[in-house]
$ cat my_file29.cif   # mmCIF, C-alpha atoms (C1' of nucleotides)
data_model
loop_
_atom_site.group_PDB
_atom_site.id
_atom_site.type_symbol
_atom_site.label_atom_id
_atom_site.label_comp_id
_atom_site.auth_asym_id
_atom_site.auth_seq_id
_atom_site.Cartn_x
_atom_site.Cartn_y
_atom_site.Cartn_z
ATOM 1 C CA MET A 172 -23.953 28.514 18.615
ATOM 2 C CA GLU A 173 -25.936 25.543 19.831
ATOM 3 C CA LYS A 174 -24.137 23.203 22.202
ATOM 4 C CA VAL A 175 -24.829 19.503 22.543
ATOM 5 C CA PHE A 176 -23.408 17.644 25.543
ATOM 6 C CA TRP A 177 -22.404 14.011 25.569
ATOM 7 C CA ASP A 178 -21.177 11.986 28.512
ATOM 8 C CA CYS A 179 -18.909 9.265 27.232
ATOM 9 C CA PRO A 180 -16.824 7.277 29.714
ATOM 10 C CA ASP A 181 -13.215 6.270 29.090
ATOM 11 C CA PHE A 182 -12.874 8.974 26.487
ATOM 12 C CA SER A 183 -10.261 11.645 26.073
ATOM 13 C CA LEU A 184 -10.819 13.726 22.964
ATOM 14 C CA SER A 185 -7.191 14.804 22.742
ATOM 15 C CA GLN A 186 -5.735 11.333 23.317
ATOM 16 C CA THR A 187 -8.090 9.745 20.813
ATOM 17 C CA LEU A 188 -7.321 12.298 18.114
ATOM 18 C CA GLU A 189 -3.608 12.621 18.732
ATOM 19 C CA CYS A 190 -2.641 8.980 19.215
ATOM 20 C CA GLY A 191 -1.795 8.555 15.532
ATOM 21 C CA GLN A 192 -4.895 6.914 14.067
ATOM 22 C CA CYS A 193 -6.366 10.131 12.701
ATOM 23 C CA PHE A 194 -4.791 12.762 10.486
ATOM 24 C CA ARG A 195 -7.658 15.188 9.925
ATOM 25 C CA TYR A 196 -8.093 17.282 13.018
ATOM 26 C CA GLU A 197 -7.001 20.724 14.062
ATOM 27 C CA LYS A 198 -6.482 21.923 17.581
ATOM 28 C CA LYS A 199 -8.088 25.248 18.405
ATOM 29 C CA GLU A 200 -8.158 27.429 21.496
ATOM 30 C CA ASP A 201 -9.270 26.049 24.863
ATOM 31 C CA ASP A 202 -8.596 22.395 23.981
ATOM 32 C CA CYS A 203 -11.230 22.480 21.266
ATOM 33 C CA TYR A 204 -10.756 20.477 18.112
ATOM 34 C CA THR A 205 -12.194 20.616 14.639
ATOM 35 C CA VAL A 206 -12.431 17.137 13.147
ATOM 36 C CA ILE A 207 -13.098 16.268 9.528
ATOM 37 C CA SER A 208 -14.185 12.874 8.277
ATOM 38 C CA GLY A 209 -15.165 12.424 4.660
ATOM 39 C CA GLN A 210 -17.649 15.197 3.902
ATOM 40 C CA LYS A 211 -18.402 16.048 7.518
ATOM 41 C CA VAL A 212 -16.846 18.566 9.868
ATOM 42 C CA ILE A 213 -17.479 19.190 13.564
ATOM 43 C CA THR A 214 -15.992 21.340 16.294
ATOM 44 C CA LEU A 215 -16.003 19.912 19.780
ATOM 45 C CA GLY A 216 -14.368 20.200 23.152
ATOM 46 C CA GLN A 217 -14.233 18.381 26.450
ATOM 47 C CA VAL A 218 -14.986 19.392 30.032
ATOM 48 C CA GLY A 219 -14.171 16.538 32.356
ATOM 49 C CA ASP A 220 -16.004 13.450 31.143
ATOM 50 C CA SER A 221 -18.346 15.558 29.097
ATOM 51 C CA ILE A 222 -17.938 16.181 25.386
ATOM 52 C CA VAL A 223 -19.366 19.409 24.019
ATOM 53 C CA PHE A 224 -20.383 19.502 20.376
ATOM 54 C CA TYR A 225 -20.547 23.004 18.968
ATOM 55 C CA GLY A 226 -23.391 22.747 16.495
ATOM 56 C CA ASP A 227 -25.716 19.843 15.879
ATOM 57 C CA ASN A 228 -24.310 18.524 12.619
ATOM 58 C CA ASP A 229 -25.148 14.838 12.550
ATOM 59 C CA ILE A 230 -24.303 14.077 16.176
ATOM 60 C CA PRO A 231 -25.237 10.367 15.811
ATOM 61 C CA PHE A 232 -22.593 10.046 13.103
ATOM 62 C CA TRP A 233 -19.925 11.521 15.362
ATOM 63 C CA LYS A 234 -20.922 9.342 18.316
ATOM 64 C CA GLY A 235 -20.401 6.379 16.030
ATOM 65 C CA PHE A 236 -17.151 7.857 14.751
ATOM 66 C CA PHE A 237 -15.872 7.947 18.334
ATOM 67 C CA ASP A 238 -17.054 4.361 18.951
ATOM 68 C CA GLY A 239 -19.303 5.646 21.716
ATOM 69 C CA GLU A 240 -21.213 2.444 22.431
ATOM 70 C CA ARG A 241 -18.262 0.219 23.341
ATOM 71 C CA ASP A 242 -17.311 -0.628 26.921
ATOM 72 C CA TYR A 243 -13.653 0.353 26.999
ATOM 73 C CA ASN A 244 -13.380 -0.168 30.737
ATOM 74 C CA GLU A 245 -13.879 -3.882 30.300
ATOM 75 C CA ILE A 246 -11.307 -4.030 27.490
ATOM 76 C CA LYS A 247 -8.739 -2.156 29.548
ATOM 77 C CA GLN A 248 -9.273 -4.320 32.622
ATOM 78 C CA ARG A 249 -8.743 -7.451 30.592
ATOM 79 C CA LEU A 250 -5.603 -6.138 28.878
ATOM 80 C CA LYS A 251 -4.062 -5.021 32.171
ATOM 81 C CA GLU A 252 -4.303 -8.423 33.847
ATOM 82 C CA ASN A 253 -0.822 -9.794 34.526
ATOM 83 C CA ASP A 254 0.721 -7.181 32.274
ATOM 84 C CA PRO A 255 2.432 -4.282 34.095
ATOM 85 C CA ILE A 256 3.747 -2.676 30.908
ATOM 86 C CA MET A 257 0.293 -2.639 29.359
ATOM 87 C CA ALA A 258 -1.058 -1.228 32.603
ATOM 88 C CA GLU A 259 1.471 1.573 32.325
ATOM 89 C CA ALA A 260 0.639 2.220 28.662
ATOM 90 C CA ILE A 261 -3.076 2.358 29.468
ATOM 91 C CA SER A 262 -2.593 4.682 32.412
ATOM 92 C CA PHE A 263 -0.491 6.925 30.149
ATOM 93 C CA ALA A 264 -3.499 7.431 27.840
ATOM 94 C CA PRO A 265 -6.604 5.781 29.296
ATOM 95 C CA GLY A 266 -8.928 7.799 27.081
ATOM 96 C CA ILE A 267 -7.976 6.368 23.684
ATOM 97 C CA ARG A 268 -10.858 4.987 21.671
ATOM 98 C CA ILE A 269 -10.471 3.426 18.211
ATOM 99 C CA LEU A 270 -12.176 5.647 15.656
ATOM 100 C CA LYS A 271 -14.401 4.397 12.865
ATOM 101 C CA GLN A 272 -13.079 6.163 9.815
ATOM 102 C CA GLU A 273 -13.987 6.059 6.133
ATOM 103 C CA PHE A 274 -12.490 3.272 4.066
ATOM 104 C CA PHE A 275 -11.269 5.295 1.091
ATOM 105 C CA GLU A 276 -9.798 7.975 3.308
ATOM 106 C CA MET A 277 -7.907 5.352 5.321
ATOM 107 C CA LEU A 278 -6.708 3.606 2.188
ATOM 108 C CA MET A 279 -5.198 6.766 0.728
ATOM 109 C CA SER A 280 -3.963 8.113 4.064
ATOM 110 C CA PHE A 281 -2.053 5.005 5.040
ATOM 111 C CA ILE A 282 -0.536 4.654 1.577
ATOM 112 C CA ILE A 283 0.725 8.195 2.106
ATOM 113 C CA SER A 284 1.931 7.254 5.598
ATOM 114 C CA GLN A 285 4.548 4.768 4.441
ATOM 115 C CA ASN A 286 8.122 5.855 5.134
ATOM 116 C CA ASN A 287 6.846 9.278 6.180
ATOM 117 C CA HIS A 288 6.639 11.448 9.312
ATOM 118 C CA ILE A 289 3.244 12.092 10.907
ATOM 119 C CA PRO A 290 3.411 15.910 10.497
ATOM 120 C CA ARG A 291 4.206 15.476 6.821
ATOM 121 C CA ILE A 292 1.448 12.890 6.355
ATOM 122 C CA ARG A 293 -1.019 15.394 7.751
ATOM 123 C CA GLY A 294 0.248 18.108 5.447
ATOM 124 C CA LEU A 295 -0.031 15.920 2.356
ATOM 125 C CA ILE A 296 -3.581 14.838 3.232
ATOM 126 C CA GLN A 297 -4.541 18.455 3.806
ATOM 127 C CA ARG A 298 -3.169 19.515 0.433
ATOM 128 C CA LEU A 299 -4.823 16.582 -1.314
ATOM 129 C CA SER A 300 -8.145 17.614 0.228
ATOM 130 C CA GLN A 301 -7.697 21.285 -0.578
ATOM 131 C CA GLU A 302 -6.803 20.498 -4.182
ATOM 132 C CA TYR A 303 -9.476 17.909 -4.984
ATOM 133 C CA GLY A 304 -12.037 17.914 -2.181
ATOM 134 C CA MET A 305 -15.051 20.118 -1.573
ATOM 135 C CA PRO A 306 -15.015 23.289 0.547
ATOM 136 C CA LEU A 307 -16.698 22.840 3.927
ATOM 137 C CA GLU A 308 -17.586 25.377 6.588
ATOM 138 C CA GLY A 309 -14.721 27.051 8.392
ATOM 139 C CA GLY A 310 -12.303 26.889 5.473
ATOM 140 C CA PHE A 311 -11.879 23.137 5.678
ATOM 141 C CA TYR A 312 -12.097 20.682 2.799
ATOM 142 C CA SER A 313 -13.679 17.262 2.494
ATOM 143 C CA PHE A 314 -11.461 14.320 1.730
ATOM 144 C CA PRO A 315 -11.835 13.797 -2.030
ATOM 145 C CA THR A 316 -14.030 10.975 -3.253
ATOM 146 C CA PRO A 317 -12.703 8.352 -5.696
ATOM 147 C CA GLN A 318 -14.705 10.119 -8.407
ATOM 148 C CA GLN A 319 -13.056 13.438 -7.625
ATOM 149 C CA LEU A 320 -9.673 11.744 -8.003
ATOM 150 C CA SER A 321 -10.569 9.724 -11.093
ATOM 151 C CA ASP A 322 -8.426 11.793 -13.466
ATOM 152 C CA VAL A 323 -5.546 12.562 -11.120
ATOM 153 C CA THR A 324 -2.265 11.227 -12.462
ATOM 154 C CA GLU A 325 0.830 9.955 -10.713
ATOM 155 C CA GLU A 326 2.581 13.175 -11.739
ATOM 156 C CA ALA A 327 -0.109 15.294 -10.077
ATOM 157 C CA TYR A 328 0.313 13.395 -6.810
ATOM 158 C CA ARG A 329 4.053 13.867 -7.111
ATOM 159 C CA SER A 330 3.658 17.602 -7.603
ATOM 160 C CA LEU A 331 1.668 17.675 -4.344
ATOM 161 C CA GLY A 332 4.755 16.190 -2.688
ATOM 162 C CA CYS A 333 3.687 12.559 -2.476
ATOM 163 C CA GLY A 334 6.885 11.359 -4.150
ATOM 164 C CA PHE A 335 7.121 7.688 -5.064
ATOM 165 C CA ARG A 336 3.689 7.090 -3.521
ATOM 166 C CA GLY A 337 2.059 8.767 -6.521
ATOM 167 C CA ARG A 338 1.999 5.532 -8.459
ATOM 168 C CA TYR A 339 0.391 3.717 -5.537
ATOM 169 C CA LEU A 340 -2.274 6.392 -5.057
ATOM 170 C CA GLU A 341 -3.221 6.311 -8.720
ATOM 171 C CA ASP A 342 -3.460 2.505 -8.597
ATOM 172 C CA ALA A 343 -5.586 2.642 -5.446
ATOM 173 C CA VAL A 344 -8.119 5.023 -7.010
ATOM 174 C CA LYS A 345 -8.343 2.883 -10.165
ATOM 175 C CA ASN A 346 -8.983 -0.186 -8.051
ATOM 176 C CA VAL A 347 -11.746 1.472 -6.057
ATOM 177 C CA LEU A 348 -13.400 2.883 -9.171
ATOM 178 C CA SER A 349 -13.320 -0.577 -10.765
ATOM 179 C CA GLY A 350 -15.996 -1.642 -8.275
ATOM 180 C CA ASN A 351 -13.981 -4.318 -6.476
ATOM 181 C CA PHE A 352 -13.852 -2.316 -3.265
ATOM 182 C CA GLU A 353 -17.424 -1.548 -2.354
ATOM 183 C CA VAL A 354 -17.566 -1.170 1.399
ATOM 184 C CA GLU A 355 -20.847 -3.068 1.811
ATOM 185 C CA LYS A 356 -19.270 -6.095 0.168
ATOM 186 C CA LEU A 357 -15.875 -5.774 1.833
ATOM 187 C CA GLU A 358 -17.564 -5.722 5.241
ATOM 188 C CA MET A 359 -18.854 -9.237 4.653
ATOM 189 C CA LEU A 360 -15.420 -10.744 4.027
ATOM 190 C CA PRO A 361 -13.506 -12.576 6.728
ATOM 191 C CA THR A 362 -10.503 -10.622 7.958
ATOM 192 C CA GLU A 363 -7.800 -12.618 6.198
ATOM 193 C CA GLU A 364 -9.627 -12.503 2.899
ATOM 194 C CA LEU A 365 -10.195 -8.765 3.246
ATOM 195 C CA ARG A 366 -6.521 -8.272 4.067
ATOM 196 C CA GLN A 367 -5.498 -10.131 0.912
ATOM 197 C CA ARG A 368 -7.940 -8.087 -1.157
ATOM 198 C CA LEU A 369 -6.492 -4.848 0.179
ATOM 199 C CA MET A 370 -2.937 -6.074 -0.418
ATOM 200 C CA SER A 371 -3.762 -6.686 -4.087
ATOM 201 C CA ILE A 372 -3.468 -2.898 -4.467
ATOM 202 C CA CYS A 373 0.090 -1.946 -5.377
ATOM 203 C CA GLY A 374 1.501 0.037 -2.479
ATOM 204 C CA VAL A 375 -0.612 -1.691 0.156
ATOM 205 C CA GLY A 376 1.417 -4.144 2.215
ATOM 206 C CA GLN A 377 0.408 -5.824 5.441
ATOM 207 C CA LYS A 378 1.025 -2.811 7.684
ATOM 208 C CA VAL A 379 -1.161 -0.498 5.597
ATOM 209 C CA ALA A 380 -3.800 -3.204 5.148
ATOM 210 C CA ASP A 381 -3.911 -3.840 8.901
ATOM 211 C CA CYS A 382 -4.360 -0.143 9.662
ATOM 212 C CA ILE A 383 -7.343 -0.092 7.296
ATOM 213 C CA LEU A 384 -8.715 -3.282 8.875
ATOM 214 C CA LEU A 385 -8.471 -1.778 12.341
ATOM 215 C CA PHE A 386 -9.384 1.865 11.802
ATOM 216 C CA SER A 387 -12.068 1.433 9.158
ATOM 217 C CA PHE A 388 -13.457 -2.093 9.339
ATOM 218 C CA GLY A 389 -13.364 -2.585 13.100
ATOM 219 C CA ARG A 390 -11.304 -5.769 12.881
ATOM 220 C CA TYR A 391 -10.040 -5.459 16.432
ATOM 221 C CA GLU A 392 -8.083 -8.703 16.314
ATOM 222 C CA VAL A 393 -5.410 -7.245 14.017
ATOM 223 C CA PHE A 394 -2.187 -5.769 15.378
ATOM 224 C CA PRO A 395 -0.631 -3.327 12.899
ATOM 225 C CA THR A 396 3.105 -3.776 13.216
ATOM 226 C CA ASP A 397 5.391 -0.867 12.418
ATOM 227 C CA VAL A 398 8.796 0.315 13.640
ATOM 228 C CA TRP A 399 7.366 1.885 16.800
ATOM 229 C CA ILE A 400 5.377 -1.167 17.785
ATOM 230 C CA ASN A 401 8.406 -3.321 17.135
ATOM 231 C CA ARG A 402 10.483 -1.130 19.464
ATOM 232 C CA VAL A 403 8.002 -0.961 22.303
ATOM 233 C CA TYR A 404 6.940 -4.593 21.992
ATOM 234 C CA SER A 405 10.465 -5.995 22.054
ATOM 235 C CA HIS A 406 11.296 -3.667 24.928
ATOM 236 C CA ALA A 407 8.199 -4.660 26.896
ATOM 237 C CA TYR A 408 8.145 -8.403 26.363
ATOM 238 C CA PHE A 409 11.479 -9.594 24.919
ATOM 239 C CA GLU A 410 14.150 -7.674 26.817
ATOM 240 C CA GLY A 411 14.864 -5.507 23.805
ATOM 241 C CA LYS A 412 15.354 -8.339 21.331
ATOM 242 C CA LYS A 413 13.822 -7.363 17.987
ATOM 243 C CA LEU A 414 11.332 -9.762 16.449
ATOM 244 C CA LEU A 415 10.314 -10.415 12.887
ATOM 245 C CA ALA A 416 6.910 -8.878 12.163
ATOM 246 C CA LYS A 417 5.474 -12.367 11.739
ATOM 247 C CA GLU A 418 6.737 -13.573 15.122
ATOM 248 C CA LEU A 419 5.539 -10.425 16.817
ATOM 249 C CA GLN A 420 2.027 -10.835 15.475
ATOM 250 C CA VAL A 421 1.812 -14.462 16.571
ATOM 251 C CA SER A 422 2.884 -13.380 20.043
ATOM 252 C CA ALA A 423 0.425 -10.465 20.131
ATOM 253 C CA ALA A 424 -2.421 -12.691 18.959
ATOM 254 C CA GLU A 425 -1.745 -15.127 21.821
ATOM 255 C CA LYS A 426 -1.414 -12.357 24.362
ATOM 256 C CA PHE A 427 -4.305 -10.057 23.371
ATOM 257 C CA GLY A 428 -6.691 -12.139 21.254
ATOM 258 C CA ASN A 429 -9.669 -10.187 19.994
ATOM 259 C CA ASN A 430 -8.474 -7.046 21.764
ATOM 260 C CA ALA A 431 -5.141 -6.884 19.919
ATOM 261 C CA GLY A 432 -6.092 -3.738 18.038
ATOM 262 C CA PHE A 433 -6.857 -1.809 21.225
ATOM 263 C CA ALA A 434 -3.635 -3.096 22.789
ATOM 264 C CA GLN A 435 -1.713 -1.941 19.743
ATOM 265 C CA GLN A 436 -3.009 1.606 19.982
ATOM 266 C CA TYR A 437 -2.250 1.953 23.715
ATOM 267 C CA LEU A 438 1.260 0.591 23.175
ATOM 268 C CA PHE A 439 1.891 2.599 20.033
ATOM 269 C CA TYR A 440 1.016 5.953 21.589
ATOM 270 C CA TYR A 441 2.883 5.191 24.805
ATOM 271 C CA GLY A 442 5.952 3.965 22.935
ATOM 272 C CA ARG A 443 6.051 6.849 20.508
ATOM 273 C CA GLU A 444 5.461 9.606 23.052
ATOM 274 C CA ARG A 445 8.030 8.150 25.441
ATOM 275 C CA LYS A 446 10.374 7.190 22.602
ATOM 276 C CA ILE A 447 10.667 3.687 24.033
ATOM 277 C CA GLY A 448 13.513 1.686 22.526
ATOM 278 C CA LYS A 449 14.696 4.477 20.264
ATOM 279 C CA GLY A 450 18.256 5.786 20.168
ATOM 280 C "C1'" DA L 31 22.832 20.349 7.371
ATOM 281 C "C1'" DG L 32 21.813 16.050 7.408
ATOM 282 C "C1'" DC L 33 18.927 12.320 9.119
ATOM 283 C "C1'" DC L 34 15.115 9.750 8.793
ATOM 284 C "C1'" DA L 35 10.170 8.691 8.639
ATOM 285 C "C1'" DG L 36 3.215 4.430 11.369
ATOM 286 C "C1'" DG L 37 6.760 0.554 4.348
ATOM 287 C "C1'" DC L 38 6.696 -1.203 0.045
ATOM 288 C "C1'" DA L 39 7.994 -3.360 -4.387
ATOM 289 C "C1'" DA L 40 11.717 -4.833 -6.975
ATOM 290 C "C1'" DT L 41 15.824 -7.126 -7.013
ATOM 291 C "C1'" DT L 42 19.231 -10.290 -5.508
ATOM 292 C "C1'" DC L 43 21.083 -14.088 -3.078
ATOM 293 C "C1'" DG B 194 12.062 -17.697 0.494
ATOM 294 C "C1'" DA B 195 14.856 -14.567 3.290
ATOM 295 C "C1'" DA B 196 17.717 -10.504 3.045
ATOM 296 C "C1'" DT B 197 18.924 -6.130 0.751
ATOM 297 C "C1'" DT B 198 18.081 -1.806 -1.678
ATOM 298 C "C1'" DG B 199 16.020 2.331 -3.770
ATOM 299 C "C1'" DC B 200 12.522 5.464 -3.198
ATOM 300 C "C1'" DA B 201 10.862 11.470 -2.987
ATOM 301 C "C1'" DT B 202 10.239 14.772 0.129
ATOM 302 C "C1'" DG B 203 10.553 18.050 3.839
ATOM 303 C "C1'" DG B 204 9.990 18.455 9.165
ATOM 304 C "C1'" DC B 205 13.069 18.363 12.750
#

$ encode --input "my_file29.cif" --output "structure tokens"
Amino acid sequence: MEKVFWDCPDFSLSQTLECGQCFRYEKKEDDCYTVISGQKVITLGQVGDSIVFYGDNDIPFWKGFFDGERDYNEIKQRLKENDPIMAEAISFAPGIRILKQEFFEMLMSFIISQNNHIPRIRGLIQRLSQEYGMPLEGGFYSFPTPQQLSDVTEEAYRSLGCGFRGRYLEDAVKNVLSGNFEVEKLEMLPTEELRQRLMSICGVGQKVADCILLFSFGRYEVFPTDVWINRVYSHAYFEGKKLLAKELQVSAAEKFGNNAGFAQQYLFYYGRERKIGKG
DNA sequence: AGCCAGGCAATTC
DNA sequence: GAATTGCATGGC
């Protein structure tokens, strides 16, 4: 098997995949991972700072997927200034990079994520792909396209185990197929307008919309606010006092500015792994 | 064996 | 408008 090497600074494959932004990866032997995005699949590993791609399937795509061009060192230095908790969160997982993932896949995945555990989210996405996606090499399946899901009913989603989210998933597919969610056009919209557009889909609230804005549209100024972020944020900056989501986001915007999204992911992973503020 | 989950819409006050 | 409630399911 052909190997392609890639030196990418400030990058940990495991931290980036396992920090909660991505649901479609599988850990193999020797710290190797198989990652699936849309119709593409790759197996890769890491030796020190060096990433090893096994196979040469569209390497430029995967370098973009891993946000390879961005200077994360500069972002981290800026976030750490006068912020010991952030410094600790960053040193806990200094190799997180924000992935660039497909819009439709993020839309469906984060609808599924609501009121759900991460292991179960992954299972549901896997079954959805296996049922309606396309077989790829290695026994994996592509995430289904909107067209492949065009006739899937709420009941079918429920029988996969999606529960009450079935109605939302069906609505999301209808919306995308209607033509009001073409990525090339969405990319042009200012963040707030794009957020409102996403939230017009039943089942997409601000949290889900913000995850899509951050993980798919590269709107790094957003700060997705969920229960974990609320715990770690109030613990880190407000002596444990819980904030309303609105207040928290105003505070995060002041504190982190255009790097809020990166800050969110460092804090989220740190808080969740260390169970900060829980119990 | 329950408890609860990267929330949300619907309902109620 | 802010606060409360029901939701489906299964991993832990």

$ interface_residues --input "my_file29.cif" --of "chain A" --to "chain L" --cutoff "8 Å" --atoms "all atoms listed in the file" --output "list in words"
Gly191, Ser284, Gln285, Asn286, Asn287, His288, Ile289, Gly374, Val375, Gly376, Lys378, Asp397, Val398 and Trp399 of chain A

$ interface_residues --input "my_file29.cif" --of "chain B" --to "chain A" --cutoff "12 Å" --atoms "all atoms listed in the file" --output "mmCIF file with C-alpha atoms (C1' of nucleotides), in the frame of the given file"
data_model
loop_
_atom_site.group_PDB
_atom_site.id
_atom_site.type_symbol
_atom_site.label_atom_id
_atom_site.label_comp_id
_atom_site.auth_asym_id
_atom_site.auth_seq_id
_atom_site.Cartn_x
_atom_site.Cartn_y
_atom_site.Cartn_z
ATOM 1 C "C1'" DA B 195 14.856 -14.567 3.290
ATOM 2 C "C1'" DG B 199 16.020 2.331 -3.770
ATOM 3 C "C1'" DC B 200 12.522 5.464 -3.198
ATOM 4 C "C1'" DA B 201 10.862 11.470 -2.987
ATOM 5 C "C1'" DT B 202 10.239 14.772 0.129
ATOM 6 C "C1'" DG B 203 10.553 18.050 3.839
ATOM 7 C "C1'" DG B 204 9.990 18.455 9.165
ATOM 8 C "C1'" DC B 205 13.069 18.363 12.750
#

$ closest_residue --input "my_file29.cif" --among "A:Gly266, A:Pro361, A:Gly310, A:Gly294" --to "Gln436 (chain A)" --atoms "only C-alpha atoms"
A:Gly266

$ atom_distance --input "my_file29.cif" --atom1 "CA of Ser280 (chain A)" --atom2 "CA of Leu331 (chain A)"
13.9 Å

$ atom_distance --input "my_file29.cif" --atom1 "CA of Tyr408 (chain A)" --atom2 "CA of Ile256 (chain A)"
8.5 Å

$ resolve_selection --input "my_file29.cif" --expression "the PyMOL selection byres ((chain A and resi 431) around 12)" --output "PyMOL selection string"
chain A and resi 246-247+249-250+257+269+381+385+389-396+419-430+432-439

$ atom_distance --input "my_file29.cif" --atom1 "CA of Leu415 (chain A)" --atom2 "CA of Met277 (chain A)"
25.3 Å

$ resolve_selection --input "my_file29.cif" --expression "the PyMOL selection byres ((chain A and resi 263) around 12)" --output "count of residues only"
24

$ resolve_selection --input "my_file29.cif" --expression "the PyMOL selection byres ((chain A and resi 220-225) around 12)" --output "number ranges by chain"
A: 172-185, 202-206, 212-219, 226-231, 233-234, 237, 239, 266

$ write_last_selection --input "my_file29.cif" --atoms "C-alpha atoms" --output "CSV table (one decimal), in the coordinates of the input"
chain,number,residue,atom,x,y,z
A,172,MET,CA,-24.0,28.5,18.6
A,173,GLU,CA,-25.9,25.5,19.8
A,174,LYS,CA,-24.1,23.2,22.2
A,175,VAL,CA,-24.8,19.5,22.5
A,176,PHE,CA,-23.4,17.6,25.5
A,177,TRP,CA,-22.4,14.0,25.6
A,178,ASP,CA,-21.2,12.0,28.5
A,179,CYS,CA,-18.9,9.3,27.2
A,180,PRO,CA,-16.8,7.3,29.7
A,181,ASP,CA,-13.2,6.3,29.1
A,182,PHE,CA,-12.9,9.0,26.5
A,183,SER,CA,-10.3,11.6,26.1
A,184,LEU,CA,-10.8,13.7,23.0
A,185,SER,CA,-7.2,14.8,22.7
A,202,ASP,CA,-8.6,22.4,24.0
A,203,CYS,CA,-11.2,22.5,21.3
A,204,TYR,CA,-10.8,20.5,18.1
A,205,THR,CA,-12.2,20.6,14.6
A,206,VAL,CA,-12.4,17.1,13.1
A,212,VAL,CA,-16.8,18.6,9.9
A,213,ILE,CA,-17.5,19.2,13.6
A,214,THR,CA,-16.0,21.3,16.3
A,215,LEU,CA,-16.0,19.9,19.8
A,216,GLY,CA,-14.4,20.2,23.2
A,217,GLN,CA,-14.2,18.4,26.4
A,218,VAL,CA,-15.0,19.4,30.0
A,219,GLY,CA,-14.2,16.5,32.4
A,226,GLY,CA,-23.4,22.7,16.5
A,227,ASP,CA,-25.7,19.8,15.9
A,228,ASN,CA,-24.3,18.5,12.6
A,229,ASP,CA,-25.1,14.8,12.6
A,230,ILE,CA,-24.3,14.1,16.2
A,231,PRO,CA,-25.2,10.4,15.8
A,233,TRP,CA,-19.9,11.5,15.4
A,234,LYS,CA,-20.9,9.3,18.3
A,237,PHE,CA,-15.9,7.9,18.3
A,239,GLY,CA,-19.3,5.6,21.7
A,266,GLY,CA,-8.9,7.8,27.1

$ residues_near_point --input "my_file29.cif" --point "(-15.0, -5.1, -3.4)" --cutoff "12 Å" --atoms "only C-alpha atoms (C1' of nucleotides)" --output "count of residues only"
25

$ axis_aligned_box --input "my_file29.cif" --around "region 197-204 of chain B" --padding-each-side "3 Å" --output "lines of an AutoDock Vina configuration file"
center_x = 14.5
center_y = 6.2
center_z = 2.7
size_x = 14.9
size_y = 30.6
size_z = 18.9

$ closest_residue --input "my_file29.cif" --among "A:Ser405, A:Asp242, A:Tyr196, A:Gly209" --to "Thr316 (chain A)" --atoms "all atoms listed in the file"
A:Gly209

$ residues_around --input "my_file29.cif" --residues "Met279 (chain A)" --least-positions-apart "4" --cutoff "8 Å" --atoms "all atoms listed in the file" --output "MDAnalysis selection string"
chainID A and resid 275 283 340 343
